[in-house]
Amino acid sequence: MTPPATFRSPEQLLPDGAPNDLRRLVAYWIAKADGRLMPSFGEFDPVDVPWALSRLYVVRVIDGGADFIYRLAGEAINERHGQTLAGKRSSDLFPLDVTRQIFDRWRRIISEPAACFTDSEHPTNSGWRIRGRRVVLPLGTGEGLADHVLGMTVFDSPSEVPSAINNAGLSDVRWVQLRTAP
């Protein structure tokens, strides 16, 4: 029997001041999970979250996390990367060090399973730096086997760099484990 999910509120994951649209997406995900560890990919309907579509991405897990393929990437995500991501392998899109960081996070999300919030700052093609706050959530079977990763990024207008940035550009990383420890 699958233990009940312990993730029941966006406040368990998101810091004070997190964008409201991230809270709305997490609340939608929790409602779709309906007490289970996670909702399935088939239960997630982008039509339900039109306010989030441009900032959403969904990746399919390949070989238990050896790679990931973008199934959906909203316009703001595509614009940020300068190309359409849907249908592309994540390993082909980013430099090796960035891919390693992303894959480490996504693998933890699918293996524990867990939910993640990050607050990071990134360079842009024009030389500015932009802040991105994101949630990343698993989608999969009711037994807790994740086969997709759902994410949403809210990009702020280019502004000054947050005061405490580490080498990975991360100023805040938060995790919520979805499975109760035995």
# chains A, B, ... in the order shown; residues from 1 in each chain; ligands from 1
call {"tool": "residues_around", "arguments": {"residues": "Phe44 in chain A", "least_positions_apart": "2", "cutoff": "12 Å", "atoms": "only C-alpha atoms", "output": "PyMOL selection string"}}
result
chain A and resi 25-26+28-33+38-42+46-49+56-58+137-140+148-151
call {"tool": "write_last_selection", "arguments": {"atoms": "N, CA and C atoms", "output": "PDB file, in the first residue's frame"}}
result
ATOM      1  N   LEU A  25      -0.217  26.942  -9.306  1.00  0.00           N
ATOM      2  CA  LEU A  25       0.140  25.684  -9.967  1.00  0.00           C
ATOM      3  C   LEU A  25       0.339  24.567  -8.946  1.00  0.00           C
ATOM      4  N   VAL A  26       1.027  24.852  -7.857  1.00  0.00           N
ATOM      5  CA  VAL A  26       1.236  23.837  -6.824  1.00  0.00           C
ATOM      6  C   VAL A  26      -0.106  23.404  -6.237  1.00  0.00           C
ATOM      7  N   TYR A  28      -2.998  23.429  -7.749  1.00  0.00           N
ATOM      8  CA  TYR A  28      -3.642  22.616  -8.792  1.00  0.00           C
ATOM      9  C   TYR A  28      -3.064  21.202  -8.784  1.00  0.00           C
ATOM     10  N   TRP A  29      -1.738  21.090  -8.706  1.00  0.00           N
ATOM     11  CA  TRP A  29      -1.059  19.788  -8.695  1.00  0.00           C
ATOM     12  C   TRP A  29      -1.520  18.973  -7.472  1.00  0.00           C
ATOM     13  N   ILE A  30      -1.559  19.613  -6.303  1.00  0.00           N
ATOM     14  CA  ILE A  30      -2.002  18.936  -5.075  1.00  0.00           C
ATOM     15  C   ILE A  30      -3.447  18.454  -5.228  1.00  0.00           C
ATOM     16  N   ALA A  31      -4.312  19.290  -5.788  1.00  0.00           N
ATOM     17  CA  ALA A  31      -5.714  18.901  -5.988  1.00  0.00           C
ATOM     18  C   ALA A  31      -5.807  17.708  -6.945  1.00  0.00           C
ATOM     19  N   LYS A  32      -5.027  17.709  -8.001  1.00  0.00           N
ATOM     20  CA  LYS A  32      -5.028  16.596  -8.958  1.00  0.00           C
ATOM     21  C   LYS A  32      -4.490  15.322  -8.314  1.00  0.00           C
ATOM     22  N   ALA A  33      -3.514  15.451  -7.408  1.00  0.00           N
ATOM     23  CA  ALA A  33      -2.969  14.272  -6.720  1.00  0.00           C
ATOM     24  C   ALA A  33      -4.035  13.638  -5.829  1.00  0.00           C
ATOM     25  N   MET A  38       1.284  11.719  -6.247  1.00  0.00           N
ATOM     26  CA  MET A  38       1.347  12.629  -7.392  1.00  0.00           C
ATOM     27  C   MET A  38       0.227  12.312  -8.370  1.00  0.00           C
ATOM     28  N   PRO A  39      -0.162  13.295  -9.169  1.00  0.00           N
ATOM     29  CA  PRO A  39      -1.100  12.995 -10.251  1.00  0.00           C
ATOM     30  C   PRO A  39      -0.342  12.354 -11.418  1.00  0.00           C
ATOM     31  N   SER A  40      -1.084  11.745 -12.320  1.00  0.00           N
ATOM     32  CA  SER A  40      -0.461  11.178 -13.517  1.00  0.00           C
ATOM     33  C   SER A  40      -0.339  12.242 -14.599  1.00  0.00           C
ATOM     34  N   PHE A  41       0.473  11.952 -15.585  1.00  0.00           N
ATOM     35  CA  PHE A  41       0.610  12.845 -16.736  1.00  0.00           C
ATOM     36  C   PHE A  41      -0.744  13.036 -17.405  1.00  0.00           C
ATOM     37  N   GLY A  42      -1.524  11.960 -17.518  1.00  0.00           N
ATOM     38  CA  GLY A  42      -2.837  12.031 -18.160  1.00  0.00           C
ATOM     39  C   GLY A  42      -3.840  12.884 -17.406  1.00  0.00           C
ATOM     40  N   PRO A  46      -3.328  20.942 -19.440  1.00  0.00           N
ATOM     41  CA  PRO A  46      -2.910  22.337 -19.598  1.00  0.00           C
ATOM     42  C   PRO A  46      -4.070  23.313 -19.779  1.00  0.00           C
ATOM     43  N   VAL A  47      -5.199  22.827 -20.275  1.00  0.00           N
ATOM     44  CA  VAL A  47      -6.374  23.685 -20.458  1.00  0.00           C
ATOM     45  C   VAL A  47      -6.854  24.228 -19.112  1.00  0.00           C
ATOM     46  N   ASP A  48      -6.580  23.488 -18.029  1.00  0.00           N
ATOM     47  CA  ASP A  48      -6.996  23.916 -16.694  1.00  0.00           C
ATOM     48  C   ASP A  48      -6.174  25.086 -16.162  1.00  0.00           C
ATOM     49  N   VAL A  49      -5.021  25.340 -16.761  1.00  0.00           N
ATOM     50  CA  VAL A  49      -4.111  26.374 -16.243  1.00  0.00           C
ATOM     51  C   VAL A  49      -3.683  27.339 -17.356  1.00  0.00           C
ATOM     52  N   LEU A  56       5.094  26.997 -18.612  1.00  0.00           N
ATOM     53  CA  LEU A  56       5.134  25.583 -18.229  1.00  0.00           C
ATOM     54  C   LEU A  56       6.079  24.784 -19.113  1.00  0.00           C
ATOM     55  N   TYR A  57       6.592  23.703 -18.531  1.00  0.00           N
ATOM     56  CA  TYR A  57       7.264  22.689 -19.329  1.00  0.00           C
ATOM     57  C   TYR A  57       6.970  21.329 -18.717  1.00  0.00           C
ATOM     58  N   VAL A  58       6.913  20.332 -19.574  1.00  0.00           N
ATOM     59  CA  VAL A  58       6.742  18.949 -19.155  1.00  0.00           C
ATOM     60  C   VAL A  58       7.790  18.139 -19.890  1.00  0.00           C
ATOM     61  N   LEU A 137       7.734  19.442 -10.258  1.00  0.00           N
ATOM     62  CA  LEU A 137       6.882  18.454  -9.603  1.00  0.00           C
ATOM     63  C   LEU A 137       6.829  17.177 -10.437  1.00  0.00           C
ATOM     64  N   PRO A 138       6.738  16.016  -9.785  1.00  0.00           N
ATOM     65  CA  PRO A 138       6.637  14.775 -10.549  1.00  0.00           C
ATOM     66  C   PRO A 138       5.208  14.503 -11.003  1.00  0.00           C
ATOM     67  N   LEU A 139       5.103  13.805 -12.108  1.00  0.00           N
ATOM     68  CA  LEU A 139       3.838  13.262 -12.597  1.00  0.00           C
ATOM     69  C   LEU A 139       4.074  11.777 -12.824  1.00  0.00           C
ATOM     70  N   GLY A 140       3.140  10.945 -12.416  1.00  0.00           N
ATOM     71  CA  GLY A 140       3.350   9.517 -12.605  1.00  0.00           C
ATOM     72  C   GLY A 140       2.208   8.704 -12.050  1.00  0.00           C
ATOM     73  N   HIS A 148       7.103  11.570 -15.717  1.00  0.00           N
ATOM     74  CA  HIS A 148       7.197  12.910 -16.286  1.00  0.00           C
ATOM     75  C   HIS A 148       7.561  13.889 -15.172  1.00  0.00           C
ATOM     76  N   VAL A 149       8.103  15.014 -15.580  1.00  0.00           N
ATOM     77  CA  VAL A 149       8.405  16.109 -14.664  1.00  0.00           C
ATOM     78  C   VAL A 149       7.679  17.340 -15.189  1.00  0.00           C
ATOM     79  N   LEU A 150       6.941  17.993 -14.297  1.00  0.00           N
ATOM     80  CA  LEU A 150       6.210  19.218 -14.621  1.00  0.00           C
ATOM     81  C   LEU A 150       6.928  20.381 -13.960  1.00  0.00           C
ATOM     82  N   GLY A 151       7.181  21.421 -14.724  1.00  0.00           N
ATOM     83  CA  GLY A 151       7.813  22.594 -14.150  1.00  0.00           C
ATOM     84  C   GLY A 151       7.165  23.877 -14.642  1.00  0.00           C
TER      85      GLY A 151
END
call {"tool": "select_by_dssp", "arguments": {"residues": "range 75-105 of chain A", "states": "helix (DSSP H, G or I)", "output": "ChimeraX atom specification"}}
result
/A:75-81,90-92,96-105
call {"tool": "atom_distance", "arguments": {"atom1": "CA of Gln177 in chain A", "atom2": "CA of Pro113 in chain A"}}
result
6.3 Å
call {"tool": "atom_distance", "arguments": {"atom1": "CA of Gly169 in chain A", "atom2": "CA of His122 in chain A"}}
result
6.6 Å
call {"tool": "atom_distance", "arguments": {"atom1": "CA of Gly87 in chain A", "atom2": "CA of Ala27 in chain A"}}
result
27.6 Å
call {"tool": "residues_around", "arguments": {"residues": "Asp67 in chain A", "least_positions_apart": "4", "cutoff": "10 Å", "atoms": "only C-alpha atoms", "output": "PyMOL selection string"}}
result
chain A and resi 59-63+89-92+99+103+106-107
call {"tool": "residues_around", "arguments": {"residues": "Arg133 in chain A", "least_positions_apart": "2", "cutoff": "7 Å", "atoms": "only C-alpha atoms", "output": "list of chain:residue names"}}
result
A:Thr118, A:Asp119, A:Ser120, A:Arg131, A:Thr153, A:Val154, A:Phe155
call {"tool": "write_last_selection", "arguments": {"atoms": "N, CA and C atoms", "output": "JSON list (two decimals), in the first residue's frame"}}
result
[["chain", "number", "residue", "atom", "x", "y", "z"],
["A", 118, "THR", "N", 13.07, 26.42, -6.76],
["A", 118, "THR", "CA", 14.37, 27.08, -6.87],
["A", 118, "THR", "C", 14.17, 28.55, -7.20],
["A", 119, "ASP", "N", 15.10, 29.33, -6.71],
["A", 119, "ASP", "CA", 15.18, 30.76, -7.01],
["A", 119, "ASP", "C", 16.59, 30.95, -7.54],
["A", 120, "SER", "N", 16.69, 31.33, -8.79],
["A", 120, "SER", "CA", 18.02, 31.44, -9.40],
["A", 120, "SER", "C", 18.10, 32.65, -10.30],
["A", 131, "ARG", "N", 16.13, 36.94, -13.04],
["A", 131, "ARG", "CA", 15.78, 36.04, -11.95],
["A", 131, "ARG", "C", 14.66, 35.11, -12.41],
["A", 153, "THR", "N", 8.30, 28.13, -14.61],
["A", 153, "THR", "CA", 9.25, 29.17, -14.24],
["A", 153, "THR", "C", 8.60, 30.53, -14.42],
["A", 154, "VAL", "N", 8.75, 31.37, -13.42],
["A", 154, "VAL", "CA", 8.32, 32.76, -13.49],
["A", 154, "VAL", "C", 9.60, 33.59, -13.56],
["A", 155, "PHE", "N", 9.79, 34.24, -14.70],
["A", 155, "PHE", "CA", 10.95, 35.11, -14.88],
["A", 155, "PHE", "C", 10.58, 36.53, -14.51]]
call {"tool": "select_by_dssp", "arguments": {"residues": "chain A", "states": "strand (DSSP E or B)", "output": "PyMOL selection string"}}
result
chain A and resi 56-62+67-73+89+114-123+129-140+146-155+170-177
call {"tool": "write_last_selection", "arguments": {"atoms": "C-alpha atoms", "output": "PDB file, in the first residue's frame"}}
result
ATOM      1  CA  LEU A  56       5.134  25.583 -18.229  1.00  0.00           C
ATOM      2  CA  TYR A  57       7.264  22.689 -19.329  1.00  0.00           C
ATOM      3  CA  VAL A  58       6.742  18.949 -19.155  1.00  0.00           C
ATOM      4  CA  VAL A  59       9.548  16.473 -19.756  1.00  0.00           C
ATOM      5  CA  ARG A  60       9.212  12.721 -20.193  1.00  0.00           C
ATOM      6  CA  VAL A  61      11.593  10.536 -18.188  1.00  0.00           C
ATOM      7  CA  ILE A  62      13.774   8.325 -20.417  1.00  0.00           C
ATOM      8  CA  ASP A  67      17.737  11.515 -20.151  1.00  0.00           C
ATOM      9  CA  PHE A  68      14.587  13.597 -20.508  1.00  0.00           C
ATOM     10  CA  ILE A  69      12.599  14.736 -23.568  1.00  0.00           C
ATOM     11  CA  TYR A  70      10.534  17.911 -23.581  1.00  0.00           C
ATOM     12  CA  ARG A  71       6.904  17.110 -24.370  1.00  0.00           C
ATOM     13  CA  LEU A  72       5.672  20.641 -23.811  1.00  0.00           C
ATOM     14  CA  ALA A  73       7.423  23.981 -23.422  1.00  0.00           C
ATOM     15  CA  ARG A  89      16.363  15.787 -25.437  1.00  0.00           C
ATOM     16  CA  ALA A 114       9.905  15.057  -4.220  1.00  0.00           C
ATOM     17  CA  ALA A 115       8.779  18.556  -5.139  1.00  0.00           C
ATOM     18  CA  CYS A 116      11.305  21.340  -5.611  1.00  0.00           C
ATOM     19  CA  PHE A 117      11.358  25.139  -5.612  1.00  0.00           C
ATOM     20  CA  THR A 118      14.371  27.077  -6.874  1.00  0.00           C
ATOM     21  CA  ASP A 119      15.176  30.757  -7.015  1.00  0.00           C
ATOM     22  CA  SER A 120      18.016  31.436  -9.402  1.00  0.00           C
ATOM     23  CA  GLU A 121      19.547  34.115 -11.532  1.00  0.00           C
ATOM     24  CA  HIS A 122      20.664  33.651 -15.134  1.00  0.00           C
ATOM     25  CA  PRO A 123      22.534  35.583 -17.800  1.00  0.00           C
ATOM     26  CA  ARG A 129      20.800  38.910 -15.762  1.00  0.00           C
ATOM     27  CA  ILE A 130      17.298  37.687 -15.003  1.00  0.00           C
ATOM     28  CA  ARG A 131      15.776  36.037 -11.949  1.00  0.00           C
ATOM     29  CA  GLY A 132      13.791  32.840 -12.410  1.00  0.00           C
ATOM     30  CA  ARG A 133      11.710  31.211  -9.700  1.00  0.00           C
ATOM     31  CA  ARG A 134      10.404  27.746 -10.466  1.00  0.00           C
ATOM     32  CA  VAL A 135       8.569  24.776  -9.101  1.00  0.00           C
ATOM     33  CA  VAL A 136       9.274  21.295 -10.376  1.00  0.00           C
ATOM     34  CA  LEU A 137       6.882  18.454  -9.603  1.00  0.00           C
ATOM     35  CA  PRO A 138       6.637  14.775 -10.549  1.00  0.00           C
ATOM     36  CA  LEU A 139       3.838  13.262 -12.597  1.00  0.00           C
ATOM     37  CA  GLY A 140       3.350   9.517 -12.605  1.00  0.00           C
ATOM     38  CA  ALA A 146       7.275   9.284 -11.837  1.00  0.00           C
ATOM     39  CA  ASP A 147       7.401   9.154 -15.624  1.00  0.00           C
ATOM     40  CA  HIS A 148       7.197  12.910 -16.286  1.00  0.00           C
ATOM     41  CA  VAL A 149       8.405  16.109 -14.664  1.00  0.00           C
ATOM     42  CA  LEU A 150       6.210  19.218 -14.621  1.00  0.00           C
ATOM     43  CA  GLY A 151       7.813  22.594 -14.150  1.00  0.00           C
ATOM     44  CA  MET A 152       6.869  26.242 -14.243  1.00  0.00           C
ATOM     45  CA  THR A 153       9.252  29.170 -14.245  1.00  0.00           C
ATOM     46  CA  VAL A 154       8.324  32.756 -13.492  1.00  0.00           C
ATOM     47  CA  PHE A 155      10.947  35.111 -14.881  1.00  0.00           C
ATOM     48  CA  LEU A 170      20.902  29.507  -7.018  1.00  0.00           C
ATOM     49  CA  SER A 171      19.902  31.703  -4.114  1.00  0.00           C
ATOM     50  CA  ASP A 172      17.220  29.379  -2.684  1.00  0.00           C
ATOM     51  CA  VAL A 173      16.429  25.684  -3.126  1.00  0.00           C
ATOM     52  CA  ARG A 174      13.615  23.990  -1.187  1.00  0.00           C
ATOM     53  CA  TRP A 175      12.473  20.384  -1.209  1.00  0.00           C
ATOM     54  CA  VAL A 176       9.406  18.528   0.013  1.00  0.00           C
ATOM     55  CA  GLN A 177       9.572  14.732   0.060  1.00  0.00           C
TER      56      GLN A 177
END
call {"tool": "decode", "arguments": {"residues": "range 83-95 of chain A", "atoms": "all heavy atoms", "output": "CSV table (one decimal), in the first residue's frame"}}
result
chain,number,residue,atom,x,y,z
A,83,GLN,N,14.8,28.9,-28.7
A,83,GLN,CA,14.3,27.8,-29.6
A,83,GLN,C,13.1,27.1,-29.1
A,83,GLN,O,12.9,27.2,-27.9
A,83,GLN,CB,15.5,26.8,-29.9
A,83,GLN,CG,15.9,26.1,-28.7
A,83,GLN,CD,17.1,25.1,-28.9
A,83,GLN,OE1,17.0,24.3,-29.8
A,83,GLN,NE2,18.2,25.2,-28.2
A,84,THR,N,12.5,26.3,-29.9
A,84,THR,CA,11.4,25.5,-29.4
A,84,THR,C,12.0,24.2,-28.8
A,84,THR,O,12.8,23.5,-29.5
A,84,THR,CB,10.5,25.1,-30.6
A,84,THR,OG1,9.9,26.3,-31.2
A,84,THR,CG2,9.3,24.2,-30.2
A,85,LEU,N,11.6,23.9,-27.6
A,85,LEU,CA,12.2,22.8,-26.9
A,85,LEU,C,11.4,21.5,-27.1
A,85,LEU,O,12.0,20.4,-27.0
A,85,LEU,CB,12.3,23.1,-25.4
A,85,LEU,CG,13.1,24.3,-25.0
A,85,LEU,CD1,13.1,24.4,-23.5
A,85,LEU,CD2,14.5,24.3,-25.6
A,86,ALA,N,10.1,21.5,-27.4
A,86,ALA,CA,9.3,20.3,-27.5
A,86,ALA,C,9.9,19.3,-28.5
A,86,ALA,O,10.4,19.7,-29.6
A,86,ALA,CB,7.9,20.7,-27.9
A,87,GLY,N,10.0,18.1,-28.0
A,87,GLY,CA,10.6,17.0,-28.9
A,87,GLY,C,12.1,16.9,-28.8
A,87,GLY,O,12.7,15.9,-29.3
A,88,LYS,N,12.8,17.7,-28.0
A,88,LYS,CA,14.2,17.7,-27.9
A,88,LYS,C,14.6,17.1,-26.6
A,88,LYS,O,14.0,17.2,-25.6
A,88,LYS,CB,14.8,19.1,-28.0
A,88,LYS,CG,14.5,19.7,-29.4
A,88,LYS,CD,15.2,21.0,-29.6
A,88,LYS,CE,15.0,21.4,-31.1
A,88,LYS,NZ,14.5,22.6,-31.3
A,89,ARG,N,15.8,16.4,-26.6
A,89,ARG,CA,16.4,15.8,-25.4
A,89,ARG,C,17.1,16.9,-24.6
A,89,ARG,O,17.8,17.7,-25.2
A,89,ARG,CB,17.4,14.7,-25.8
A,89,ARG,CG,16.8,13.4,-26.3
A,89,ARG,CD,17.9,12.4,-26.6
A,89,ARG,NE,17.2,11.2,-27.0
A,89,ARG,CZ,16.9,10.2,-26.2
A,89,ARG,NH1,17.3,10.2,-24.9
A,89,ARG,NH2,16.3,9.1,-26.6
A,90,SER,N,16.8,16.9,-23.4
A,90,SER,CA,17.5,17.9,-22.5
A,90,SER,C,19.0,17.8,-22.6
A,90,SER,O,19.7,18.8,-22.6
A,90,SER,CB,17.1,17.6,-21.0
A,90,SER,OG,15.7,17.7,-20.9
A,91,SER,N,19.5,16.6,-22.8
A,91,SER,CA,21.0,16.4,-22.8
A,91,SER,C,21.6,17.1,-24.1
A,91,SER,O,22.8,17.4,-24.1
A,91,SER,CB,21.4,15.0,-22.8
A,91,SER,OG,20.8,14.3,-23.9
A,92,ASP,N,20.8,17.4,-25.1
A,92,ASP,CA,21.3,18.0,-26.3
A,92,ASP,C,21.1,19.6,-26.3
A,92,ASP,O,21.6,20.2,-27.2
A,92,ASP,CB,20.5,17.5,-27.5
A,92,ASP,CG,20.7,16.1,-27.8
A,92,ASP,OD1,21.8,15.5,-27.4
A,92,ASP,OD2,19.9,15.4,-28.4
A,93,LEU,N,20.5,20.1,-25.2
A,93,LEU,CA,20.2,21.5,-25.2
A,93,LEU,C,21.1,22.4,-24.4
A,93,LEU,O,21.2,23.6,-24.7
A,93,LEU,CB,18.7,21.7,-24.6
A,93,LEU,CG,17.6,21.1,-25.5
A,93,LEU,CD1,16.3,21.1,-24.8
A,93,LEU,CD2,17.5,21.9,-26.8
A,94,PHE,N,21.7,21.8,-23.4
A,94,PHE,CA,22.5,22.6,-22.4
A,94,PHE,C,23.9,22.2,-22.3
A,94,PHE,O,24.2,21.0,-22.6
A,94,PHE,CB,21.8,22.5,-21.0
A,94,PHE,CG,20.3,22.8,-21.0
A,94,PHE,CD1,19.4,21.8,-20.8
A,94,PHE,CD2,19.8,24.1,-21.3
A,94,PHE,CE1,18.0,22.0,-20.8
A,94,PHE,CE2,18.5,24.3,-21.3
A,94,PHE,CZ,17.6,23.3,-21.1
A,95,PRO,N,24.8,23.1,-21.9
A,95,PRO,CA,26.2,22.7,-21.6
A,95,PRO,C,26.2,21.6,-20.5
A,95,PRO,O,25.3,21.5,-19.7
A,95,PRO,CB,26.9,23.9,-21.1
A,95,PRO,CG,26.0,25.1,-21.5
A,95,PRO,CD,24.6,24.5,-21.6
